[in-house]
file work09.txt (compact mmCIF, C-alpha atoms)
# COMPACT_ATOMS: atom_id res chain seq x y z
CA MET A 769 -49.94 52.61 54.97
CA THR A 770 -51.48 49.17 54.65
CA HIS A 771 -49.44 46.76 52.53
CA PRO A 772 -51.40 45.41 49.56
CA ILE A 773 -50.73 41.81 50.61
CA SER A 774 -51.97 42.32 54.15
CA GLY A 775 -55.38 40.73 53.77
CA MET A 776 -58.32 39.66 51.68
CA SER A 777 -61.89 39.56 52.98
CA ARG A 778 -63.76 36.29 53.33
CA ARG A 779 -66.50 37.74 51.12
CA ALA A 780 -63.95 38.41 48.37
CA ARG A 781 -62.56 34.90 48.62
CA VAL A 782 -66.02 33.32 48.52
CA LEU A 783 -66.97 35.49 45.54
CA SER A 784 -63.73 34.52 43.80
CA ALA A 785 -64.37 30.83 44.34
CA GLY A 786 -67.96 31.17 43.16
CA LEU A 787 -66.90 32.89 39.96
CA ALA A 788 -64.25 30.26 39.41
CA ALA A 789 -66.84 27.49 39.57
CA GLY A 790 -68.68 29.12 36.70
CA VAL A 791 -65.72 29.16 34.33
CA LEU A 792 -63.99 25.85 35.09
CA LEU A 793 -63.72 23.52 32.08
CA PRO A 794 -62.42 19.95 31.97
CA LEU A 795 -58.99 19.51 30.48
CA GLY A 796 -59.25 18.92 26.76
CA THR A 797 -62.84 20.25 26.40
CA ALA A 798 -63.35 21.53 22.86
CA ALA A 799 -65.76 24.18 21.64
CA THR A 800 -68.83 22.93 19.76
CA ALA A 801 -68.28 22.47 16.04
CA THR A 802 -64.51 22.80 16.28
CA PRO A 803 -63.20 20.64 13.43
CA ALA A 804 -59.97 19.59 15.11
CA VAL A 805 -58.49 19.66 18.61
CA ALA A 806 -54.75 19.80 19.24
CA ALA A 807 -53.44 16.83 21.16
CA ALA A 808 -52.90 17.45 24.86
CA PRO A 809 -49.23 17.73 25.87
CA ALA A 810 -47.73 14.37 26.78
CA VAL A 811 -45.43 13.47 29.65
CA SER A 812 -41.83 13.20 28.44
CA CYS A 813 -39.19 11.22 30.37
CA THR A 814 -35.56 10.22 29.88
CA SER A 815 -33.36 8.11 32.14
CA ALA A 816 -30.00 6.35 32.30
CA GLN A 817 -31.73 3.48 34.11
CA ALA A 818 -33.23 0.94 31.75
CA GLY A 819 -37.01 0.93 31.71
CA LEU A 820 -37.45 3.74 34.23
CA ALA A 821 -38.37 6.49 31.77
CA ALA A 822 -41.10 4.40 30.17
CA LYS A 823 -42.52 3.40 33.55
CA LEU A 824 -42.59 6.99 34.83
CA LYS A 825 -44.23 8.23 31.64
CA LYS A 826 -46.89 5.54 31.89
CA ASP A 827 -47.58 5.99 35.60
CA ILE A 828 -47.62 9.81 35.66
CA THR A 829 -49.95 9.77 32.65
CA ALA A 830 -52.21 7.26 34.42
CA ALA A 831 -52.24 9.41 37.59
CA LEU A 832 -53.50 12.36 35.54
CA LYS A 833 -56.12 10.42 33.59
CA ASN A 834 -59.56 12.05 33.95
CA ARG A 835 -58.16 14.84 36.16
CA LYS A 836 -59.57 18.24 35.28
CA GLY A 837 -57.57 21.45 35.08
CA THR A 838 -54.07 22.20 33.84
CA VAL A 839 -51.09 20.38 35.35
CA ALA A 840 -47.36 20.96 34.87
CA VAL A 841 -44.76 18.50 36.15
CA GLY A 842 -41.00 18.60 36.61
CA LEU A 843 -38.86 15.74 37.94
CA HIS A 844 -35.10 15.28 38.13
CA ASP A 845 -33.23 12.47 39.86
CA ARG A 846 -29.48 12.95 39.91
CA THR A 847 -28.78 9.33 40.84
CA THR A 848 -30.38 7.75 37.77
CA LYS A 849 -30.06 10.83 35.55
CA THR A 850 -33.82 10.79 35.15
CA THR A 851 -35.90 13.74 33.99
CA CYS A 852 -39.63 14.05 33.36
CA THR A 853 -41.51 17.08 32.09
CA LEU A 854 -45.08 18.07 31.30
CA ARG A 855 -46.04 21.61 30.29
CA SER A 856 -42.71 22.80 31.68
CA THR A 857 -43.10 26.33 30.23
CA THR A 858 -46.79 26.90 31.05
CA ALA A 859 -47.15 29.94 33.33
CA PHE A 860 -49.03 29.90 36.65
CA ASP A 861 -49.65 32.40 39.45
CA SER A 862 -47.13 31.36 42.09
CA ALA A 863 -49.20 31.62 45.28
CA SER A 864 -46.94 30.74 48.24
CA VAL A 865 -44.36 28.59 46.45
CA VAL A 866 -42.65 31.90 45.59
CA LYS A 867 -41.62 32.12 49.23
CA THR A 868 -38.71 29.77 48.53
CA THR A 869 -37.55 32.21 45.85
CA VAL A 870 -37.90 35.09 48.31
CA LEU A 871 -35.68 33.30 50.82
CA ALA A 872 -33.15 32.39 48.14
CA THR A 873 -33.05 36.04 47.04
CA LEU A 874 -32.48 37.20 50.61
CA LEU A 875 -29.55 34.81 51.05
CA TRP A 876 -28.11 35.58 47.60
CA ASP A 877 -28.22 39.29 48.37
CA ALA A 878 -26.59 38.79 51.79
CA LYS A 879 -23.83 36.72 50.19
CA LYS A 880 -22.82 39.65 47.97
CA THR A 881 -21.77 41.67 51.02
CA GLU A 882 -20.69 38.60 53.01
CA ARG A 883 -23.09 39.34 55.82
CA LYS A 884 -25.20 37.06 57.99
CA LEU A 885 -28.95 37.44 58.27
CA THR A 886 -30.11 39.64 61.10
CA ALA A 887 -32.21 38.18 63.91
CA ARG A 888 -35.25 39.93 62.39
CA GLU A 889 -34.59 38.44 58.95
CA SER A 890 -34.08 34.97 60.41
CA ASP A 891 -37.36 35.18 62.33
CA LEU A 892 -39.24 36.36 59.24
CA ALA A 893 -37.67 33.67 57.05
CA TYR A 894 -38.57 30.94 59.55
CA ALA A 895 -42.20 32.07 59.72
CA MET A 896 -42.40 32.53 55.94
CA ILE A 897 -41.28 29.00 55.09
CA THR A 898 -42.33 26.79 58.00
CA LYS A 899 -45.77 28.38 58.56
CA SER A 900 -46.19 30.12 55.20
CA ASP A 901 -46.72 33.40 57.04
CA ASN A 902 -47.93 36.04 54.58
CA ALA A 903 -47.10 39.07 56.71
CA ALA A 904 -43.50 37.89 57.09
CA THR A 905 -43.27 37.38 53.34
CA SER A 906 -44.59 40.87 52.64
CA LYS A 907 -41.96 42.41 54.92
CA LEU A 908 -39.11 40.55 53.22
CA TRP A 909 -40.50 41.24 49.75
CA SER A 910 -40.73 44.95 50.56
CA GLN A 911 -37.22 44.98 52.03
CA LEU A 912 -35.71 43.31 48.96
CA GLY A 913 -37.71 45.11 46.30
CA THR A 914 -38.39 43.65 42.86
CA ALA A 915 -35.01 44.82 41.54
CA LYS A 916 -33.17 42.39 43.83
CA VAL A 917 -35.67 39.61 43.14
CA LYS A 918 -35.09 40.10 39.41
CA GLY A 919 -31.34 40.10 40.05
CA PHE A 920 -31.54 36.71 41.73
CA LEU A 921 -33.76 35.35 38.96
CA ARG A 922 -31.17 36.40 36.37
CA ALA A 923 -28.37 34.79 38.37
CA ALA A 924 -30.45 31.62 38.75
CA LYS A 925 -31.33 31.63 35.03
CA MET A 926 -35.01 31.52 35.98
CA THR A 927 -35.71 33.56 32.87
CA LYS A 928 -39.47 33.04 32.66
CA THR A 929 -40.30 33.89 36.28
CA VAL A 930 -41.85 37.36 36.55
CA PRO A 931 -42.24 39.00 40.00
CA GLY A 932 -45.74 40.12 40.89
CA SER A 933 -46.24 43.88 40.61
CA GLY A 934 -47.61 46.27 43.19
CA GLY A 935 -46.37 44.16 46.08
CA TYR A 936 -48.49 41.15 45.10
CA TRP A 937 -45.81 38.50 45.44
CA GLY A 938 -48.47 35.75 45.18
CA LEU A 939 -49.07 36.78 41.57
CA THR A 940 -45.48 36.15 40.53
CA ARG A 941 -45.60 34.17 37.28
CA ILE A 942 -43.74 30.86 37.45
CA ASN A 943 -43.35 27.67 35.48
CA ALA A 944 -42.20 24.14 36.28
CA ALA A 945 -38.90 24.51 34.41
CA ASP A 946 -37.85 27.50 36.52
CA GLU A 947 -38.99 25.87 39.76
CA GLN A 948 -36.80 22.90 38.90
CA LYS A 949 -33.88 25.28 38.32
CA LEU A 950 -34.47 26.75 41.77
CA LEU A 951 -34.57 23.32 43.41
CA ALA A 952 -31.40 22.33 41.56
CA LEU A 953 -29.61 25.35 43.04
CA VAL A 954 -30.89 24.53 46.52
CA THR A 955 -29.82 20.89 46.39
CA ALA A 956 -26.33 20.98 44.83
CA PRO A 957 -23.22 23.20 45.05
CA ASN A 958 -23.25 26.21 42.73
CA SER A 959 -21.96 29.77 42.43
CA VAL A 960 -25.33 31.44 43.08
CA LEU A 961 -26.10 30.16 46.58
CA SER A 962 -23.47 29.34 49.20
CA ASP A 963 -23.44 25.91 50.81
CA ASN A 964 -24.62 27.49 54.06
CA ALA A 965 -27.50 29.21 52.25
CA ARG A 966 -28.56 25.96 50.59
CA ALA A 967 -28.45 24.11 53.90
CA TYR A 968 -30.52 26.83 55.54
CA ILE A 969 -33.22 26.72 52.85
CA LEU A 970 -33.43 22.93 53.05
CA LYS A 971 -33.52 23.09 56.84
CA LEU A 972 -36.57 25.36 56.82
CA MET A 973 -38.29 23.38 54.04
CA GLY A 974 -37.76 20.32 56.23
CA LYS A 975 -39.52 21.99 59.16
CA VAL A 976 -42.77 22.94 57.45
CA VAL A 977 -45.70 22.40 59.83
CA SER A 978 -47.54 19.09 59.45
CA SER A 979 -50.74 20.64 58.07
CA GLN A 980 -48.74 22.01 55.13
CA ARG A 981 -46.67 18.91 54.33
CA TRP A 982 -49.05 17.72 51.63
CA GLY A 983 -48.40 17.52 47.90
CA THR A 984 -45.10 16.24 46.52
CA PRO A 985 -44.11 14.33 49.72
CA ALA A 986 -47.10 11.97 49.28
CA GLY A 987 -45.85 8.41 48.99
CA ALA A 988 -42.22 9.13 49.82
CA PRO A 989 -40.51 6.24 51.67
CA SER A 990 -39.93 6.81 55.37
CA GLY A 991 -36.15 6.80 54.95
CA VAL A 992 -36.21 9.70 52.49
CA LYS A 993 -35.61 13.24 53.77
CA ILE A 994 -38.50 15.53 52.80
CA HIS A 995 -38.19 19.23 52.00
CA VAL A 996 -41.35 20.93 50.72
CA LYS A 997 -43.04 24.25 50.03
CA ASN A 998 -46.64 24.48 48.91
CA GLY A 999 -49.06 27.18 47.89
CA TRP A 1000 -52.61 27.77 46.83
CA LEU A 1001 -54.65 30.67 45.57
CA GLN A 1002 -58.22 31.12 44.33
CA ARG A 1003 -59.19 33.67 41.70
CA SER A 1004 -62.11 34.32 39.38
CA THR A 1005 -60.29 32.79 36.40
CA HIS A 1006 -58.66 29.34 36.32
CA GLY A 1007 -60.30 28.42 39.64
CA TRP A 1008 -57.80 27.33 42.27
CA ARG A 1009 -54.04 27.37 41.73
CA VAL A 1010 -52.51 24.60 43.85
CA HIS A 1011 -48.76 23.94 43.73
CA SER A 1012 -46.11 21.86 45.49
CA ILE A 1013 -42.34 21.79 45.08
CA GLY A 1014 -40.14 19.34 46.94
CA ALA A 1015 -36.62 17.98 47.31
CA PHE A 1016 -36.02 14.39 48.42
CA LYS A 1017 -32.87 12.50 49.34
CA GLY A 1018 -32.44 8.94 50.52
CA GLY A 1019 -33.05 5.37 49.47
CA GLY A 1020 -30.30 5.70 46.91
CA HIS A 1021 -31.87 8.70 45.21
CA ASP A 1022 -31.49 12.49 45.14
CA TYR A 1023 -34.45 14.05 43.35
CA THR A 1024 -36.68 17.10 43.02
CA ILE A 1025 -40.34 17.35 42.04
CA SER A 1026 -42.41 20.34 40.99
CA VAL A 1027 -46.15 20.03 40.31
CA LEU A 1028 -48.09 23.18 39.41
CA THR A 1029 -51.83 23.24 38.76
CA HIS A 1030 -54.72 25.57 38.04
CA GLY A 1031 -58.30 25.14 36.91
CA ASN A 1032 -59.14 23.17 40.07
CA SER A 1033 -62.73 23.34 41.38
CA THR A 1034 -61.50 23.24 44.99
CA MET A 1035 -58.19 23.40 46.80
CA ASN A 1036 -58.48 19.75 47.87
CA TYR A 1037 -59.07 18.67 44.26
CA GLY A 1038 -55.74 20.24 43.30
CA VAL A 1039 -54.01 18.62 46.27
CA ALA A 1040 -55.34 15.20 45.22
CA THR A 1041 -54.07 15.71 41.67
CA ILE A 1042 -50.58 16.63 42.89
CA GLN A 1043 -50.45 13.71 45.33
CA GLY A 1044 -51.48 11.24 42.65
CA VAL A 1045 -48.50 12.32 40.55
CA ALA A 1046 -46.15 12.31 43.55
CA LYS A 1047 -47.14 8.81 44.63
CA ALA A 1048 -46.44 7.50 41.14
CA ILE A 1049 -43.01 9.12 41.06
CA HIS A 1050 -41.92 7.98 44.52
CA LYS A 1051 -43.09 4.44 43.86
CA ASP A 1052 -41.27 4.19 40.53
CA LEU A 1053 -38.02 5.61 41.95
CA THR A 1054 -38.13 3.52 45.14
CA PRO A 1055 -40.24 0.46 44.28
CA THR A 1056 -38.97 -1.75 47.12
CA ALA A 1057 -40.27 0.46 49.95
CA PRO A 1058 -43.33 -1.18 51.57
CA ALA A 1059 -46.64 0.67 51.41
CA ALA A 1060 -46.87 0.75 55.20
CA ARG A 1061 -43.72 2.87 55.36
CA ARG A 1062 -44.66 5.51 52.79
CA TYR A 1063 -45.49 9.06 53.81
CA ILE A 1064 -49.17 9.92 54.15
CA PRO A 1065 -49.85 13.69 54.31
CA THR A 1066 -52.44 15.33 56.49
CA GLU A 1067 -56.08 14.83 55.50
CA ALA A 1068 -56.75 18.51 56.20
CA PRO A 1069 -54.34 20.60 54.10
CA LYS A 1070 -54.09 24.14 55.41
CA GLU A 1071 -52.18 27.27 54.60
CA ALA A 1072 -52.59 31.02 54.95
CA PHE A 1073 -54.52 32.62 52.10
CA VAL A 1074 -52.55 34.85 49.77
CA ALA A 1075 -54.22 38.20 49.16
CA VAL A 1076 -54.64 39.30 45.55
CA PRO A 1077 -56.08 42.35 43.79
CA GLY A 1078 -59.78 42.49 43.03
CA ASN A 1079 -60.71 39.88 40.43
call {"tool": "encode", "arguments": {"input": "work09.txt", "output": "structure tokens"}}
result
Amino acid sequence: MTHPISGMSRRARVLSAGLAAGVLLPLGTAATATPAVAAAPAVSCTSAQAGLAAKLKKDITAALKNRKGTVAVGLHDRTTKTTCTLRSTTAFDSASVVKTTVLATLLWDAKKTERKLTARESDLAYAMITKSDNAATSKLWSQLGTAKVKGFLRAAKMTKTVPGSGGYWGLTRINAADEQKLLALVTAPNSVLSDNARAYILKLMGKVVSSQRWGTPAGAPSGVKIHVKNGWLQRSTHGWRVHSIGAFKGGGHDYTISVLTHGNSTMNYGVATIQGVAKAIHKDLTPTAPAARRYIPTEAPKEAFVAVPGN
């Protein structure tokens, strides 16, 4: 029996993108004759470092000026006790960023019986994260089942993340707050994931192929270790979903960034929005790093398409 994630025709993808172009609206567009428009959500930042919160708020806001679509942002730097949020509870289709959750679930489940991953599971996990292999993800998703995924989400307190039904893992509903919770578990000791599990997740996120290392790493100083997982998905509503989550350590900082977007006219438009935010964050956290030594992602972002039900 063919798995529902196994593929999506080019015709369906083109049709989806075409439909999306017809419904895309600029952020903040109001209906004619509407007497009042609610103010757009504002970036909120706090920090133990004097002046940093105000600078991040200003620069992230500037990076998003005139950008169309809906953008959610999460930032946490343990070193300076800095946090920034924007639309932290807004829900998005996950696309491939859910693959980090799938791997975390697999390791959490294995920990309960104190077993190591099998060779098959290790091979699937490697392909799923480093190459964003959809077939590998489908096999692990099917093996785990939504009950175990929900069990991990409860343990991780990712209370607003809802697994996609019918095997469509790419339609898992996520938000920036929960993605930041996941990254916090991956990057610091906790009772949910073992230290070995955390190291394994970071190891694979650090080996993502070059064509998929776009997004949140943009502008990171060369001395900072980069761990990333991205995803994109086109549907007939909200245009393109384009997301990037990343963990960064070095240069005196230990921080995580989540940027989720939808309502993008093209995949590259979403990538550019995410990278504008990322560059602002990296520059504000590590202002002394010279421009020549900051990370520049590939100019041709690429990832496997995630199959979805008919739109």
call {"tool": "closest_residue", "arguments": {"input": "work09.txt", "among": "A:Ser959, A:Thr929, A:Gln1043, A:Ser979", "to": "Thr869 of chain A", "atoms": "all atoms listed in the file"}}
result
A:Thr929
call {"tool": "atom_distance", "arguments": {"input": "work09.txt", "atom1": "atom CA of Asp1052 of chain A", "atom2": "atom CA of His844 of chain A"}}
result
12.9 Å
call {"tool": "atom_distance", "arguments": {"input": "work09.txt", "atom1": "atom CA of Lys907 of chain A", "atom2": "atom CA of Thr1024 of chain A"}}
result
28.5 Å
call {"tool": "atom_distance", "arguments": {"input": "work09.txt", "atom1": "atom CA of Lys849 of chain A", "atom2": "atom CA of Ser815 of chain A"}}
result
5.5 Å
call {"tool": "closest_residue", "arguments": {"input": "work09.txt", "among": "A:Val917, A:Ala810, A:Val866, A:Ile1042", "to": "Ala986 of chain A", "atoms": "all atoms listed in the file"}}
result
A:Ile1042
call {"tool": "closest_residue", "arguments": {"input": "work09.txt", "among": "A:Val977, A:Val1039, A:Ala956, A:Ala915", "to": "Asp1022 of chain A", "atoms": "all atoms listed in the file"}}
result
A:Ala956
call {"tool": "closest_residue", "arguments": {"input": "work09.txt", "among": "A:Gly999, A:Pro1065, A:Gly1019, A:Gly1007", "to": "Thr847 of chain A", "atoms": "all atoms listed in the file"}}
result
A:Gly1019
call {"tool": "residues_around", "arguments": {"input": "work09.txt", "residues": "Gly1038 of chain A", "least_positions_apart": "5", "cutoff": "9 Å", "atoms": "all atoms listed in the file", "output": "ChimeraX atom specification"}}
result
/A:837,1000,1008-1011,1029-1033,1043
call {"tool": "build_atoms", "arguments": {"input": "work09.txt", "residues": "segment 822-833 of chain A", "atoms": "all heavy atoms", "output": "compact mmCIF listing (two decimals), in the coordinates of the input"}}
result
# COMPACT_ATOMS: atom_id res chain seq x y z
N ALA A 822 -39.82 4.89 30.69
CA ALA A 822 -41.10 4.40 30.17
C ALA A 822 -42.10 4.17 31.29
O ALA A 822 -43.30 4.48 31.15
CB ALA A 822 -40.88 3.10 29.40
N LYS A 823 -41.62 3.65 32.42
CA LYS A 823 -42.52 3.40 33.55
C LYS A 823 -43.04 4.70 34.13
O LYS A 823 -44.24 4.83 34.44
CB LYS A 823 -41.80 2.58 34.62
CG LYS A 823 -42.71 2.20 35.79
CD LYS A 823 -42.12 1.09 36.61
CE LYS A 823 -43.05 0.68 37.75
NZ LYS A 823 -44.40 0.30 37.26
N LEU A 824 -42.16 5.69 34.31
CA LEU A 824 -42.59 6.99 34.83
C LEU A 824 -43.59 7.65 33.90
O LEU A 824 -44.61 8.19 34.35
CB LEU A 824 -41.37 7.89 35.05
CG LEU A 824 -40.56 7.65 36.31
CD1 LEU A 824 -39.19 8.31 36.20
CD2 LEU A 824 -41.30 8.14 37.55
N LYS A 825 -43.31 7.63 32.62
CA LYS A 825 -44.23 8.23 31.64
C LYS A 825 -45.61 7.59 31.74
O LYS A 825 -46.64 8.28 31.79
CB LYS A 825 -43.67 8.05 30.23
CG LYS A 825 -44.60 8.56 29.12
CD LYS A 825 -43.98 8.31 27.75
CE LYS A 825 -44.96 8.62 26.63
NZ LYS A 825 -45.26 10.05 26.53
N LYS A 826 -45.63 6.28 31.81
CA LYS A 826 -46.89 5.54 31.89
C LYS A 826 -47.64 5.85 33.19
O LYS A 826 -48.84 6.13 33.18
CB LYS A 826 -46.62 4.04 31.80
CG LYS A 826 -47.86 3.17 31.98
CD LYS A 826 -47.50 1.70 31.98
CE LYS A 826 -48.74 0.83 32.25
NZ LYS A 826 -48.38 -0.63 32.29
N ASP A 827 -46.92 5.84 34.31
CA ASP A 827 -47.58 5.99 35.60
C ASP A 827 -48.01 7.43 35.90
O ASP A 827 -49.05 7.66 36.52
CB ASP A 827 -46.69 5.45 36.72
CG ASP A 827 -46.53 3.93 36.64
OD1 ASP A 827 -47.32 3.29 35.91
OD2 ASP A 827 -45.62 3.39 37.29
N ILE A 828 -47.21 8.41 35.48
CA ILE A 828 -47.62 9.81 35.66
C ILE A 828 -48.84 10.10 34.78
O ILE A 828 -49.79 10.75 35.21
CB ILE A 828 -46.47 10.78 35.33
CG1 ILE A 828 -45.33 10.62 36.33
CG2 ILE A 828 -46.96 12.22 35.33
CD1 ILE A 828 -44.07 11.40 35.97
N THR A 829 -48.81 9.59 33.56
CA THR A 829 -49.95 9.77 32.65
C THR A 829 -51.20 9.14 33.24
O THR A 829 -52.28 9.73 33.20
CB THR A 829 -49.64 9.14 31.28
OG1 THR A 829 -48.49 9.78 30.71
CG2 THR A 829 -50.83 9.30 30.33
N ALA A 830 -51.06 7.95 33.81
CA ALA A 830 -52.21 7.26 34.42
C ALA A 830 -52.74 8.05 35.62
O ALA A 830 -53.96 8.13 35.84
CB ALA A 830 -51.80 5.86 34.85
N ALA A 831 -51.83 8.64 36.41
CA ALA A 831 -52.24 9.41 37.59
C ALA A 831 -53.06 10.64 37.19
O ALA A 831 -53.90 11.11 37.96
CB ALA A 831 -51.02 9.83 38.39
N LEU A 832 -52.80 11.16 36.00
CA LEU A 832 -53.50 12.36 35.54
C LEU A 832 -54.73 12.06 34.69
O LEU A 832 -55.46 12.98 34.32
CB LEU A 832 -52.54 13.24 34.73
CG LEU A 832 -51.41 13.88 35.55
CD1 LEU A 832 -50.42 14.58 34.63
CD2 LEU A 832 -51.99 14.87 36.57
N LYS A 833 -54.98 10.79 34.40
CA LYS A 833 -56.12 10.42 33.59
C LYS A 833 -57.43 10.87 34.25
O LYS A 833 -57.65 10.65 35.44
CB LYS A 833 -56.16 8.92 33.36
CG LYS A 833 -57.27 8.47 32.40
CD LYS A 833 -57.23 6.98 32.18
CE LYS A 833 -58.32 6.55 31.20
NZ LYS A 833 -58.31 5.08 30.98
